[in-house]
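Colleague: One file is attached below, structure.cif, containing mmCIF, C-alpha atoms.
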data_final
loop_
_atom_site.label_atom_id
_atom_site.label_comp_id
_atom_site.auth_asym_id
_atom_site.auth_seq_id
_atom_site.Cartn_x
_atom_site.Cartn_y
_atom_site.Cartn_z
CA MET A 1 -30.84 -78.54 15.99
CA TYR A 2 -30.89 -77.22 12.43
CA PRO A 3 -31.15 -79.12 9.14
CA SER A 4 -27.77 -79.34 7.41
CA TRP A 5 -28.94 -77.23 4.47
CA VAL A 6 -29.92 -74.39 6.82
CA LYS A 7 -26.48 -74.41 8.40
CA SER A 8 -24.94 -74.55 4.96
CA PHE A 9 -27.04 -71.66 3.60
CA ALA A 10 -26.37 -69.39 6.58
CA SER A 11 -22.69 -70.26 6.83
CA ARG A 12 -22.17 -69.56 3.14
CA ILE A 13 -23.88 -66.17 3.48
CA ILE A 14 -21.77 -65.28 6.52
CA HIS A 15 -18.53 -66.41 4.89
CA TRP A 16 -19.35 -64.48 1.70
CA GLN A 17 -20.25 -61.33 3.61
CA GLN A 18 -17.03 -61.39 5.57
CA ARG A 19 -15.01 -61.62 2.34
CA HIS A 20 -17.08 -59.74 -0.21
CA GLY A 21 -19.79 -57.80 1.62
CA ARG A 22 -19.91 -54.14 2.51
CA HIS A 23 -17.96 -53.08 5.61
CA THR A 24 -17.24 -49.38 5.08
CA LEU A 25 -20.69 -47.81 4.80
CA PRO A 26 -20.92 -44.70 7.01
CA TRP A 27 -23.41 -46.33 9.40
CA GLN A 28 -21.13 -49.34 9.89
CA VAL A 29 -18.41 -47.47 11.79
CA ASP A 30 -19.91 -48.77 15.04
CA ARG A 31 -23.08 -50.46 16.24
CA ASP A 32 -24.77 -47.21 17.26
CA PRO A 33 -28.52 -47.96 17.03
CA TYR A 34 -29.25 -44.29 16.20
CA ARG A 35 -27.09 -44.36 13.07
CA ILE A 36 -28.34 -47.82 12.05
CA TRP A 37 -31.97 -46.76 12.57
CA LEU A 38 -31.42 -43.60 10.51
CA SER A 39 -29.79 -45.57 7.70
CA GLU A 40 -32.51 -48.22 7.65
CA VAL A 41 -35.24 -45.59 7.40
CA MET A 42 -33.39 -43.71 4.66
CA LEU A 43 -32.81 -46.95 2.77
CA GLN A 44 -36.53 -47.73 2.60
CA GLN A 45 -37.29 -47.54 -1.14
CA THR A 46 -33.98 -45.70 -1.78
CA GLN A 47 -30.62 -46.91 -3.10
CA VAL A 48 -27.46 -46.87 -0.97
CA ALA A 49 -25.60 -44.51 -3.31
CA THR A 50 -28.43 -41.97 -3.05
CA VAL A 51 -28.65 -42.26 0.74
CA ILE A 52 -24.96 -41.79 1.63
CA PRO A 53 -24.67 -37.99 1.09
CA TYR A 54 -28.00 -37.40 2.86
CA PHE A 55 -26.84 -39.58 5.76
CA HIS A 56 -23.60 -37.58 6.11
CA ARG A 57 -25.46 -34.26 6.11
CA PHE A 58 -28.06 -35.53 8.56
CA VAL A 59 -25.63 -36.87 11.18
CA ALA A 60 -23.44 -33.79 10.82
CA ARG A 61 -26.40 -31.68 11.97
CA PHE A 62 -27.99 -34.27 14.28
CA PRO A 63 -25.15 -36.50 15.54
CA ASN A 64 -27.36 -38.07 18.20
CA LEU A 65 -30.97 -38.85 18.96
CA THR A 66 -31.34 -36.11 21.56
CA LEU A 67 -30.50 -33.35 19.10
CA LEU A 68 -32.92 -34.81 16.55
CA ALA A 69 -35.70 -34.94 19.15
CA GLU A 70 -35.09 -31.30 20.07
CA ALA A 71 -35.06 -30.09 16.44
CA GLN A 72 -37.83 -28.26 14.61
CA GLN A 73 -39.61 -30.31 11.96
CA ASP A 74 -38.79 -27.68 9.30
CA GLU A 75 -35.07 -28.33 9.70
CA VAL A 76 -35.53 -32.10 9.59
CA LEU A 77 -37.57 -31.83 6.39
CA GLN A 78 -35.06 -29.42 4.87
CA LEU A 79 -32.25 -31.95 5.34
CA TRP A 80 -34.51 -34.63 3.83
CA SER A 81 -35.52 -32.50 0.85
CA GLY A 82 -34.86 -34.38 -2.38
CA LEU A 83 -34.75 -37.83 -0.77
CA GLY A 84 -38.49 -38.35 -1.26
CA TYR A 85 -41.13 -40.23 0.73
CA TYR A 86 -41.22 -37.39 3.24
CA SER A 87 -43.44 -39.23 5.70
CA ARG A 88 -40.23 -41.08 6.61
CA ALA A 89 -38.70 -37.84 7.88
CA ARG A 90 -41.80 -36.90 9.87
CA ASN A 91 -41.98 -40.38 11.38
CA LEU A 92 -38.26 -40.29 12.19
CA HIS A 93 -38.70 -37.00 14.04
CA ASP A 94 -41.80 -38.25 15.87
CA ALA A 95 -40.00 -41.45 16.85
CA ALA A 96 -37.01 -39.52 18.21
CA ARG A 97 -39.34 -37.54 20.46
CA ILE A 98 -41.07 -40.71 21.63
CA ILE A 99 -37.72 -42.31 22.51
CA ALA A 100 -36.68 -39.15 24.36
CA ASP A 101 -39.98 -38.90 26.27
CA GLN A 102 -40.90 -42.54 26.86
CA HIS A 103 -37.55 -44.38 26.83
CA GLY A 104 -35.35 -41.87 28.61
CA GLY A 105 -33.48 -41.14 25.39
CA GLN A 106 -32.25 -44.75 25.17
CA PHE A 107 -32.99 -46.59 21.94
CA PRO A 108 -35.21 -49.66 22.58
CA ILE A 109 -33.34 -52.96 22.42
CA ASP A 110 -36.14 -55.43 21.69
CA ALA A 111 -37.29 -55.78 18.06
CA ASP A 112 -40.96 -55.79 19.08
CA ALA A 113 -40.51 -52.50 20.96
CA ILE A 114 -38.59 -50.97 18.05
CA ALA A 115 -41.40 -51.98 15.68
CA GLN A 116 -43.82 -49.80 17.68
CA LEU A 117 -41.97 -46.63 16.67
CA PRO A 118 -43.53 -44.53 13.89
CA GLY A 119 -42.28 -45.54 10.45
CA VAL A 120 -40.59 -48.74 11.66
CA GLY A 121 -42.14 -52.01 10.53
CA ARG A 122 -41.26 -55.59 11.31
CA SER A 123 -38.30 -55.92 8.92
CA THR A 124 -36.73 -52.55 9.74
CA ALA A 125 -37.06 -53.25 13.47
CA ALA A 126 -35.43 -56.66 13.03
CA ALA A 127 -32.54 -55.17 11.06
CA ILE A 128 -31.89 -52.58 13.78
CA ALA A 129 -32.11 -55.20 16.54
CA ALA A 130 -29.82 -57.61 14.71
CA LEU A 131 -27.19 -55.12 13.56
CA SER A 132 -27.15 -53.02 16.75
CA PHE A 133 -27.78 -55.56 19.50
CA GLY A 134 -27.08 -58.96 17.90
CA GLN A 135 -30.65 -60.15 18.33
CA ARG A 136 -31.56 -63.27 16.39
CA CYS A 137 -34.45 -62.11 14.21
CA ALA A 138 -35.26 -62.31 10.51
CA ILE A 139 -35.46 -59.41 8.08
CA LEU A 140 -37.43 -59.21 4.85
CA ASP A 141 -36.61 -56.07 2.92
CA GLY A 142 -36.78 -55.88 -0.87
CA ASN A 143 -33.31 -57.33 -1.40
CA VAL A 144 -33.93 -60.26 0.93
CA LYS A 145 -37.31 -60.98 -0.65
CA ARG A 146 -35.58 -61.30 -4.01
CA VAL A 147 -32.88 -63.66 -2.68
CA LEU A 148 -35.40 -65.91 -0.93
CA ALA A 149 -37.96 -65.89 -3.74
CA ARG A 150 -35.28 -67.11 -6.14
CA HIS A 151 -33.48 -69.52 -3.84
CA ALA A 152 -36.71 -71.23 -2.72
CA ASP A 153 -38.57 -70.70 -6.03
CA VAL A 154 -41.42 -68.78 -4.39
CA ALA A 155 -43.72 -67.52 -7.13
CA GLY A 156 -46.20 -64.70 -6.76
CA TRP A 157 -45.88 -60.98 -6.08
CA PRO A 158 -44.17 -60.52 -2.67
CA GLY A 159 -46.68 -57.82 -1.80
CA ASP A 160 -49.42 -60.45 -1.77
CA LYS A 161 -50.14 -61.51 1.81
CA LYS A 162 -49.88 -65.27 1.19
CA VAL A 163 -46.58 -64.88 -0.64
CA GLU A 164 -45.24 -62.57 2.07
CA ILE A 165 -46.12 -65.11 4.78
CA GLU A 166 -44.23 -67.82 2.87
CA LEU A 167 -41.20 -65.56 2.48
CA TRP A 168 -41.23 -64.76 6.21
CA GLN A 169 -41.25 -68.49 6.93
CA GLN A 170 -38.28 -68.91 4.62
CA ALA A 171 -36.45 -66.02 6.29
CA GLU A 172 -37.03 -67.33 9.81
CA SER A 173 -36.14 -70.94 8.97
CA ARG A 174 -32.68 -69.95 7.69
CA LEU A 175 -31.46 -67.91 10.66
CA PRO A 176 -28.09 -69.03 12.05
CA SER A 177 -27.53 -69.59 15.75
CA ASN A 178 -24.65 -67.07 15.82
CA ALA A 179 -23.00 -64.32 13.73
CA ILE A 180 -26.44 -62.81 13.14
CA GLU A 181 -24.92 -59.40 12.30
CA ALA A 182 -22.83 -60.78 9.43
CA TYR A 183 -25.73 -62.94 8.23
CA THR A 184 -28.21 -60.03 8.26
CA GLN A 185 -25.81 -57.71 6.46
CA GLY A 186 -24.89 -60.52 4.09
CA MET A 187 -28.48 -61.11 3.01
CA MET A 188 -28.92 -57.41 2.27
CA ASP A 189 -25.58 -57.19 0.48
CA LEU A 190 -26.24 -60.30 -1.59
CA GLY A 191 -29.51 -58.91 -2.89
CA SER A 192 -28.00 -55.50 -3.56
CA LEU A 193 -24.70 -56.55 -5.13
CA VAL A 194 -25.18 -60.01 -6.66
CA CYS A 195 -28.81 -61.18 -6.76
CA THR A 196 -29.91 -57.99 -8.45
CA ARG A 197 -33.29 -57.33 -10.02
CA SER A 198 -31.96 -57.59 -13.57
CA GLN A 199 -28.91 -59.52 -14.77
CA PRO A 200 -28.03 -61.19 -11.45
CA ASN A 201 -24.45 -62.42 -11.21
CA CYS A 202 -25.30 -66.03 -10.38
CA LYS A 203 -21.72 -67.22 -10.85
CA ALA A 204 -20.62 -65.04 -7.92
CA CYS A 205 -23.48 -66.12 -5.67
CA PRO A 206 -22.42 -68.19 -2.62
CA VAL A 207 -25.72 -70.11 -2.56
CA ASN A 208 -26.13 -70.81 -6.28
CA ALA A 209 -25.52 -74.56 -5.85
CA ASP A 210 -28.98 -75.11 -4.35
CA CYS A 211 -30.82 -72.06 -5.74
CA LEU A 212 -33.99 -73.44 -7.33
CA ALA A 213 -34.55 -70.46 -9.63
CA HIS A 214 -30.99 -70.78 -10.93
CA ALA A 215 -31.40 -74.52 -11.50
CA ARG A 216 -34.76 -74.05 -13.22
CA HIS A 217 -33.69 -70.99 -15.26
CA ARG A 218 -36.30 -68.82 -13.53
CA THR A 219 -34.17 -66.00 -12.13
CA ALA A 220 -35.60 -63.55 -14.67
CA GLU A 221 -39.15 -64.49 -13.61
CA LEU A 222 -38.68 -64.19 -9.85
CA PRO A 223 -39.73 -62.49 -7.77
CA THR A 224 -43.01 -62.06 -9.64
CA PRO A 225 -43.45 -58.36 -10.54
CA ARG A 226 -46.22 -56.25 -9.07
CA PRO A 227 -49.38 -56.53 -11.16
CA ARG A 228 -49.31 -53.66 -13.64
CA LYS A 229 -51.95 -50.98 -13.31
CA VAL A 230 -52.45 -47.62 -14.92
CA LEU A 231 -51.55 -44.78 -12.57
CA PRO A 232 -54.22 -42.10 -12.24
CA GLU A 233 -53.10 -38.66 -13.41
CA ARG A 234 -53.66 -35.31 -11.79
CA HIS A 235 -53.18 -31.91 -13.42
CA VAL A 236 -52.54 -28.73 -11.44
CA HIS A 237 -51.35 -25.16 -11.81
CA MET A 238 -48.49 -24.09 -9.53
CA LEU A 239 -48.06 -20.36 -9.11
CA LEU A 240 -44.65 -18.73 -8.84
CA LEU A 241 -45.68 -15.42 -7.32
CA MET A 242 -42.90 -12.83 -7.61
CA ASP A 243 -42.63 -9.42 -5.97
CA ARG A 244 -39.46 -7.31 -5.92
CA GLY A 245 -37.28 -10.33 -6.62
CA GLU A 246 -38.85 -12.55 -3.96
CA LEU A 247 -40.96 -15.70 -4.33
CA MET A 248 -43.87 -16.69 -2.13
CA LEU A 249 -43.93 -20.16 -0.54
CA GLU A 250 -46.83 -21.72 1.34
CA LYS A 251 -46.64 -24.24 4.17
CA ARG A 252 -48.30 -27.55 3.30
CA PRO A 253 -50.69 -29.21 5.80
CA ALA A 254 -48.91 -31.38 8.37
CA ARG A 255 -50.15 -34.64 6.82
CA GLY A 256 -50.62 -35.84 3.28
CA ILE A 257 -48.43 -35.41 0.22
CA TRP A 258 -45.41 -33.25 1.10
CA GLY A 259 -46.80 -32.78 4.61
CA GLY A 260 -45.19 -29.93 6.54
CA MET A 261 -43.01 -28.82 3.62
CA TRP A 262 -42.87 -25.49 1.81
CA SER A 263 -44.48 -25.45 -1.61
CA LEU A 264 -46.10 -23.18 -4.21
CA PRO A 265 -49.73 -22.08 -4.27
CA GLU A 266 -51.87 -24.42 -6.37
CA LEU A 267 -55.15 -24.19 -8.20
CA PRO A 268 -56.94 -26.59 -10.55
CA VAL A 269 -56.20 -26.44 -14.25
CA GLY A 270 -58.79 -24.13 -15.79
CA GLY A 271 -58.79 -21.76 -12.83
CA ASP A 272 -57.93 -18.09 -13.28
CA PRO A 273 -54.51 -17.37 -11.66
CA GLY A 274 -55.16 -13.60 -11.60
CA GLN A 275 -58.49 -13.99 -9.88
CA HIS A 276 -56.94 -16.52 -7.47
CA CYS A 277 -54.30 -13.95 -6.50
CA ARG A 278 -56.89 -11.24 -5.92
CA GLU A 279 -59.18 -13.49 -3.87
CA HIS A 280 -56.56 -15.34 -1.81
CA PHE A 281 -53.63 -12.94 -1.55
CA GLY A 282 -55.24 -9.52 -1.95
CA CYS A 283 -53.03 -8.44 -4.81
CA ALA A 284 -53.24 -8.38 -8.59
CA PRO A 285 -50.63 -9.66 -11.05
CA LYS A 286 -49.00 -7.17 -13.38
CA THR A 287 -47.74 -9.90 -15.73
CA GLN A 288 -48.48 -13.58 -16.19
CA GLN A 289 -46.38 -16.19 -18.03
CA ALA A 290 -46.84 -19.95 -18.49
CA LEU A 291 -43.56 -21.82 -18.04
CA PRO A 292 -42.59 -25.28 -19.40
CA LYS A 293 -44.61 -28.09 -17.88
CA LEU A 294 -43.19 -30.59 -15.41
CA SER A 295 -44.35 -34.10 -14.50
CA HIS A 296 -43.60 -36.01 -11.30
CA SER A 297 -44.51 -39.63 -10.48
CA PHE A 298 -45.62 -40.79 -7.05
CA THR A 299 -46.28 -44.38 -6.04
CA HIS A 300 -50.02 -44.05 -6.56
CA PHE A 301 -50.46 -41.28 -9.14
CA LYS A 302 -48.69 -39.06 -11.63
CA LEU A 303 -48.73 -35.30 -11.19
CA HIS A 304 -48.60 -32.95 -14.19
CA ILE A 305 -47.67 -29.39 -13.23
CA GLN A 306 -48.29 -26.30 -15.31
CA PRO A 307 -46.17 -23.60 -13.64
CA ILE A 308 -47.28 -20.02 -14.07
CA GLN A 309 -45.04 -17.12 -13.09
CA LEU A 310 -46.86 -13.99 -12.00
CA GLN A 311 -45.28 -10.62 -11.26
CA LEU A 312 -47.41 -9.03 -8.57
CA ALA A 313 -48.23 -5.45 -7.78
CA PRO A 314 -46.68 -4.68 -4.38
CA ARG A 315 -48.09 -7.12 -1.85
CA HIS A 316 -49.97 -6.01 1.20
CA SER A 317 -49.20 -8.31 4.14
CA THR A 318 -47.93 -11.83 4.56
CA GLN A 319 -50.48 -14.29 5.90
CA PRO A 320 -49.71 -17.06 8.42
CA GLY A 321 -48.18 -20.05 6.67
CA GLN A 322 -46.63 -17.89 3.93
CA ILE A 323 -43.07 -16.71 3.45
CA TRP A 324 -41.31 -14.55 0.87
CA LEU A 325 -37.74 -15.46 -0.10
CA SER A 326 -35.36 -14.88 -2.95
CA PRO A 327 -35.26 -17.93 -5.24
CA GLU A 328 -31.70 -18.64 -4.04
CA ASP A 329 -32.76 -18.60 -0.38
CA ALA A 330 -35.89 -20.60 -1.16
CA LEU A 331 -33.68 -23.48 -2.31
CA ASP A 332 -32.47 -23.78 1.30
CA ALA A 333 -36.03 -24.45 2.50
CA ALA A 334 -37.68 -27.86 2.79
CA LEU A 335 -39.02 -28.11 -0.76
CA PRO A 336 -40.48 -31.15 -2.54
CA THR A 337 -38.39 -32.28 -5.50
CA PRO A 338 -40.60 -30.91 -8.32
CA VAL A 339 -41.00 -27.57 -6.52
CA ARG A 340 -37.23 -27.38 -6.07
CA LYS A 341 -36.84 -27.93 -9.83
CA LEU A 342 -39.26 -25.08 -10.59
CA VAL A 343 -37.57 -22.70 -8.15
CA SER A 344 -34.16 -23.68 -9.50
CA ARG A 345 -35.24 -22.55 -12.95
CA LEU A 346 -35.77 -19.04 -11.57
CA THR A 347 -32.17 -18.88 -10.35
CA HIS A 348 -30.91 -19.59 -13.86
CA ASN A 349 -33.00 -16.98 -15.61
#
Since I need it in another form, could you write the structure as structure tokens?

Modeller:
Amino acid sequence: MYPSWVKSFASRIIHWQQRHGRHTLPWQVDRDPYRIWLSEVMLQQTQVATVIPYFHRFVARFPNLTLLAEAQQDEVLQLWSGLGYYSRARNLHDAARIIADQHGGQFPIDADAIAQLPGVGRSTAAAIAALSFGQRCAILDGNVKRVLARHADVAGWPGDKKVEIELWQQAESRLPSNAIEAYTQGMMDLGSLVCTRSQPNCKACPVNADCLAHARHRTAELPTPRPRKVLPERHVHMLLLMDRGELMLEKRPARGIWGGMWSLPELPVGGDPGQHCREHFGCAPKTQQALPKLSHSFTHFKLHIQPIQLQLAPRHSTQPGQIWLSPEDALDAALPTPVRKLVSRLTHN
């Protein structure tokens, strides 16, 4: 039914995973689709070592899908704070509510149905279906793309549609007829532990004998990097408004960068912070001090922040979408990483 090399490739991956792969990750304690789904979403664009403490905190507060669906978005975002790519947390929360409302609280079994959930694409859905339910379906995350691009000598940036189609064909053609869980985990483990982006350990690779990139000395070239482009830069003032030892935070719009999180008031560089306070908050600053600048890189642009601390005359009233907290208490809120850094500075002054 399968070419001998396919059987050989898959069997070597399975055998290697059983002996050398990862078996003690916190989401591997059982085949609970909730925990596997949560881990797969957290692992999107994030390393395992970074994810593990967030995963432990998250499941300690939300040990099952029902509790996550019933939670307030603020608490979900607070637990996600610092992990980045916050749309993942919003999508996770939305998906939990969809499963509760439309699937009776039972996680969908079929990969195609899982892929319809917010924030779950084809590869993530396949990983959940394979690892939770033993479904025979191919995955193509970043680690697997690297393994396949090297083993089959597939040139071109994997983000290019034609290259991605070829890699999907490679992934699907190599699926074993059984032990899909070990094979799926093995492909991810191989890319993470052995076939790494730089300095891959080819001697330890179970499929090095027929790896074309290894034979042709092209492992350093593959997969082809993303075409380089200059990131646009944005400059902004962030205002740390202080009154009687408390800091004002503003709720961000539900969508967009840092959607639904608590942040600091902003105004364009060149704007007058004092005038901004009078016009938008109905109070005047008694003192104003520029603090050290901070830069933060996103996928599509780089943000340069000039923080300005202002000591206000006693405030009048708090507007909807605003909250006043001590800097220590503010660190418990759902803050974006650069805002958390700025607030943290206040606690050390």

Colleague: Identify, on the basis of only C-alpha atoms, every residue whose closest approach to A:Arg345 does not exceed 12 Å; exclude the query and any residue fewer than 5 positions from it along the same chain; express the result as a ChimeraX atom specification.

Modeller: /A:240,291-294,307,309,327-328,330-331,338-340

Colleague: Restricting the calculation to all atoms listed in the file: of A:Leu68, A:Leu190, A:Arg146, A:His280, which residue gets closest to A:Ala100?

Modeller: A:Leu68

Colleague: Using all atoms listed in the file, which residue out of A:Pro253, A:Asp332, A:Ser81, A:Asp189 lies closest to A:Arg19?

Modeller: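 Answer, going by the shortest atom-to-atom distance: A:Asp189.
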
Colleague: Could you tell me how far atom CA of A:Pro273 lies from atom CA of A:Leu241, in Å and to one decimal?

Modeller: 10.0 Å

Colleague: Any chance you could resolve the PyMOL selection byres ((chain A and resi 323) around 8) against this file and give the residues as an mmCIF file with C-alpha atoms, in the coordinates of the input?

Modeller:
data_model
loop_
_atom_site.group_PDB
_atom_site.id
_atom_site.type_symbol
_atom_site.label_atom_id
_atom_site.label_comp_id
_atom_site.auth_asym_id
_atom_site.auth_seq_id
_atom_site.Cartn_x
_atom_site.Cartn_y
_atom_site.Cartn_z
ATOM 1 C CA MET A 248 -43.870 -16.690 -2.130
ATOM 2 C CA LEU A 249 -43.930 -20.160 -0.540
ATOM 3 C CA GLU A 250 -46.830 -21.720 1.340
ATOM 4 C CA THR A 318 -47.930 -11.830 4.560
ATOM 5 C CA GLY A 321 -48.180 -20.050 6.670
ATOM 6 C CA GLN A 322 -46.630 -17.890 3.930
ATOM 7 C CA TRP A 324 -41.310 -14.550 0.870
ATOM 8 C CA LEU A 325 -37.740 -15.460 -0.100
#

Colleague: Calculate how many Å separate atom CA of A:Ala155 from atom CA of A:Ala10, rounding to one decimal.

Modeller: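 Atom-to-atom, atom CA of A:Ala155 and atom CA of A:Ala10 are spaced 22.2 Å apart.
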
Colleague: Counting only C-alpha atoms, what is within 12 Å of A:Ala152, bar same-chain residues fewer than 4 positions away, as number ranges by chain?

Modeller: A: 9, 144-148, 163, 166-171, 173-174, 207-208, 210-216, 218-219, 222-223

Colleague: Quote the spacing between atom CA of A:Leu312 and atom CA of A:Gln275 in Å to one decimal place.

Modeller: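 Computed distance, atom CA of A:Leu312 to atom CA of A:Gln275, equals 12.2 Å.
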
Colleague: Excluding A:Arg228 and residues on its chain fewer than 3 positions from it, collect all residues at most 12 Å away from it, counting all atoms listed in the file, and give them as an MDAnalysis selection string.

Modeller: chainID A and resid 157 224:225 231 300

Colleague: Under the rule that only C-alpha atoms are counted, which of A:Glu70, A:Arg12, A:Gly119, A:Ile98 is the nearest residue to A:Gln44?

Modeller: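 So, comparing all the options, the nearest one is A:Gly119.
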
Colleague: Got a sec to resolve the PyMOL selection byres ((chain A and resi 50-66) around 9) on this structure and send the residues as a PyMOL selection string?

Modeller: chain A and resi 25-27+34-35+38-39+42-43+46-49+67-71+76+79-80+83+96-97+99-100+105-107

Colleague: Report, as lines of an AutoDock Vina configuration file, the axis-aligned box around all atoms of stretch 204-215 of chain A present in the file, extended by 8 Å on each side; give centre and edge lengths in Å to one decimal place.

Modeller:
center_x = -27.6
center_y = -70.1
center_z = -7.0
size_x = 29.9
size_y = 26.1
size_z = 24.9

Colleague: I'd like the neighbourhood of A:Arg278 as a list in words, where a residue qualifies if any of its atoms comes within 12 Å (using only C-alpha atoms), though same-chain residues fewer than 5 positions away should be ignored.

Modeller: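 What passes the distance filter is Asp272, Pro273, Cys283, Ala284, Pro285, Lys286, Leu312, Ala313, Arg315 and His316 of chain A.
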
Colleague: Check what the PyMOL selection byres ((chain A and resi 234) around 10) selects in the file above and give those residues as JSON, numbers by chain.

Modeller: {"A": [231, 232, 233, 235, 236, 268, 269, 295, 301, 302, 303, 304, 305]}

Colleague: Restore all heavy atoms in stretch 152-159 of chain A and list the result as a PDB file, keeping the file's coordinate frame.

Modeller:
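Output file out-v4.pdb is given in full below:
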ATOM      1  N   ALA A 152     -35.688 -70.245  -3.068  1.00  0.00           N
ATOM      2  CA  ALA A 152     -36.710 -71.230  -2.720  1.00  0.00           C
ATOM      3  C   ALA A 152     -37.761 -71.382  -3.810  1.00  0.00           C
ATOM      4  O   ALA A 152     -38.722 -72.139  -3.635  1.00  0.00           O
ATOM      5  CB  ALA A 152     -37.372 -70.849  -1.402  1.00  0.00           C
ATOM      6  N   ASP A 153     -37.612 -70.655  -4.928  1.00  0.00           N
ATOM      7  CA  ASP A 153     -38.570 -70.700  -6.030  1.00  0.00           C
ATOM      8  C   ASP A 153     -39.988 -70.392  -5.534  1.00  0.00           C
ATOM      9  O   ASP A 153     -40.932 -71.172  -5.724  1.00  0.00           O
ATOM     10  CB  ASP A 153     -38.545 -72.067  -6.726  1.00  0.00           C
ATOM     11  CG  ASP A 153     -39.248 -72.024  -8.104  1.00  0.00           C
ATOM     12  OD1 ASP A 153     -39.651 -70.926  -8.535  1.00  0.00           O
ATOM     13  OD2 ASP A 153     -39.382 -73.089  -8.721  1.00  0.00           O
ATOM     14  N   VAL A 154     -40.111 -69.232  -4.887  1.00  0.00           N
ATOM     15  CA  VAL A 154     -41.420 -68.780  -4.390  1.00  0.00           C
ATOM     16  C   VAL A 154     -42.027 -67.855  -5.426  1.00  0.00           C
ATOM     17  O   VAL A 154     -41.554 -66.734  -5.621  1.00  0.00           O
ATOM     18  CB  VAL A 154     -41.280 -68.064  -3.035  1.00  0.00           C
ATOM     19  CG1 VAL A 154     -42.646 -67.567  -2.565  1.00  0.00           C
ATOM     20  CG2 VAL A 154     -40.665 -68.999  -1.995  1.00  0.00           C
ATOM     21  N   ALA A 155     -43.070 -68.325  -6.097  1.00  0.00           N
ATOM     22  CA  ALA A 155     -43.720 -67.520  -7.130  1.00  0.00           C
ATOM     23  C   ALA A 155     -44.788 -66.630  -6.495  1.00  0.00           C
ATOM     24  O   ALA A 155     -45.236 -66.867  -5.376  1.00  0.00           O
ATOM     25  CB  ALA A 155     -44.343 -68.425  -8.186  1.00  0.00           C
ATOM     26  N   GLY A 156     -45.183 -65.618  -7.243  1.00  0.00           N
ATOM     27  CA  GLY A 156     -46.200 -64.700  -6.760  1.00  0.00           C
ATOM     28  C   GLY A 156     -45.586 -63.381  -6.332  1.00  0.00           C
ATOM     29  O   GLY A 156     -44.437 -63.328  -5.878  1.00  0.00           O
ATOM     30  N   TRP A 157     -46.351 -62.319  -6.462  1.00  0.00           N
ATOM     31  CA  TRP A 157     -45.880 -60.980  -6.080  1.00  0.00           C
ATOM     32  C   TRP A 157     -45.663 -60.923  -4.569  1.00  0.00           C
ATOM     33  O   TRP A 157     -46.565 -61.265  -3.799  1.00  0.00           O
ATOM     34  CB  TRP A 157     -46.901 -59.937  -6.520  1.00  0.00           C
ATOM     35  CG  TRP A 157     -46.555 -58.548  -6.099  1.00  0.00           C
ATOM     36  CD1 TRP A 157     -45.371 -57.908  -6.269  1.00  0.00           C
ATOM     37  CD2 TRP A 157     -47.417 -57.622  -5.414  1.00  0.00           C
ATOM     38  NE1 TRP A 157     -45.421 -56.635  -5.743  1.00  0.00           N
ATOM     39  CE2 TRP A 157     -46.669 -56.426  -5.216  1.00  0.00           C
ATOM     40  CE3 TRP A 157     -48.734 -57.678  -4.969  1.00  0.00           C
ATOM     41  CZ2 TRP A 157     -47.201 -55.315  -4.584  1.00  0.00           C
ATOM     42  CZ3 TRP A 157     -49.267 -56.557  -4.342  1.00  0.00           C
ATOM     43  CH2 TRP A 157     -48.507 -55.389  -4.157  1.00  0.00           C
ATOM     44  N   PRO A 158     -44.451 -60.538  -4.111  1.00  0.00           N
ATOM     45  CA  PRO A 158     -44.170 -60.520  -2.670  1.00  0.00           C
ATOM     46  C   PRO A 158     -45.071 -59.596  -1.865  1.00  0.00           C
ATOM     47  O   PRO A 158     -45.147 -59.751  -0.639  1.00  0.00           O
ATOM     48  CB  PRO A 158     -42.702 -60.033  -2.617  1.00  0.00           C
ATOM     49  CG  PRO A 158     -42.132 -60.449  -3.927  1.00  0.00           C
ATOM     50  CD  PRO A 158     -43.248 -60.272  -4.917  1.00  0.00           C
ATOM     51  N   GLY A 159     -45.746 -58.672  -2.520  1.00  0.00           N
ATOM     52  CA  GLY A 159     -46.680 -57.820  -1.800  1.00  0.00           C
ATOM     53  C   GLY A 159     -47.989 -58.509  -1.462  1.00  0.00           C
ATOM     54  O   GLY A 159     -48.773 -58.010  -0.646  1.00  0.00           O
TER      55      GLY A 159
END
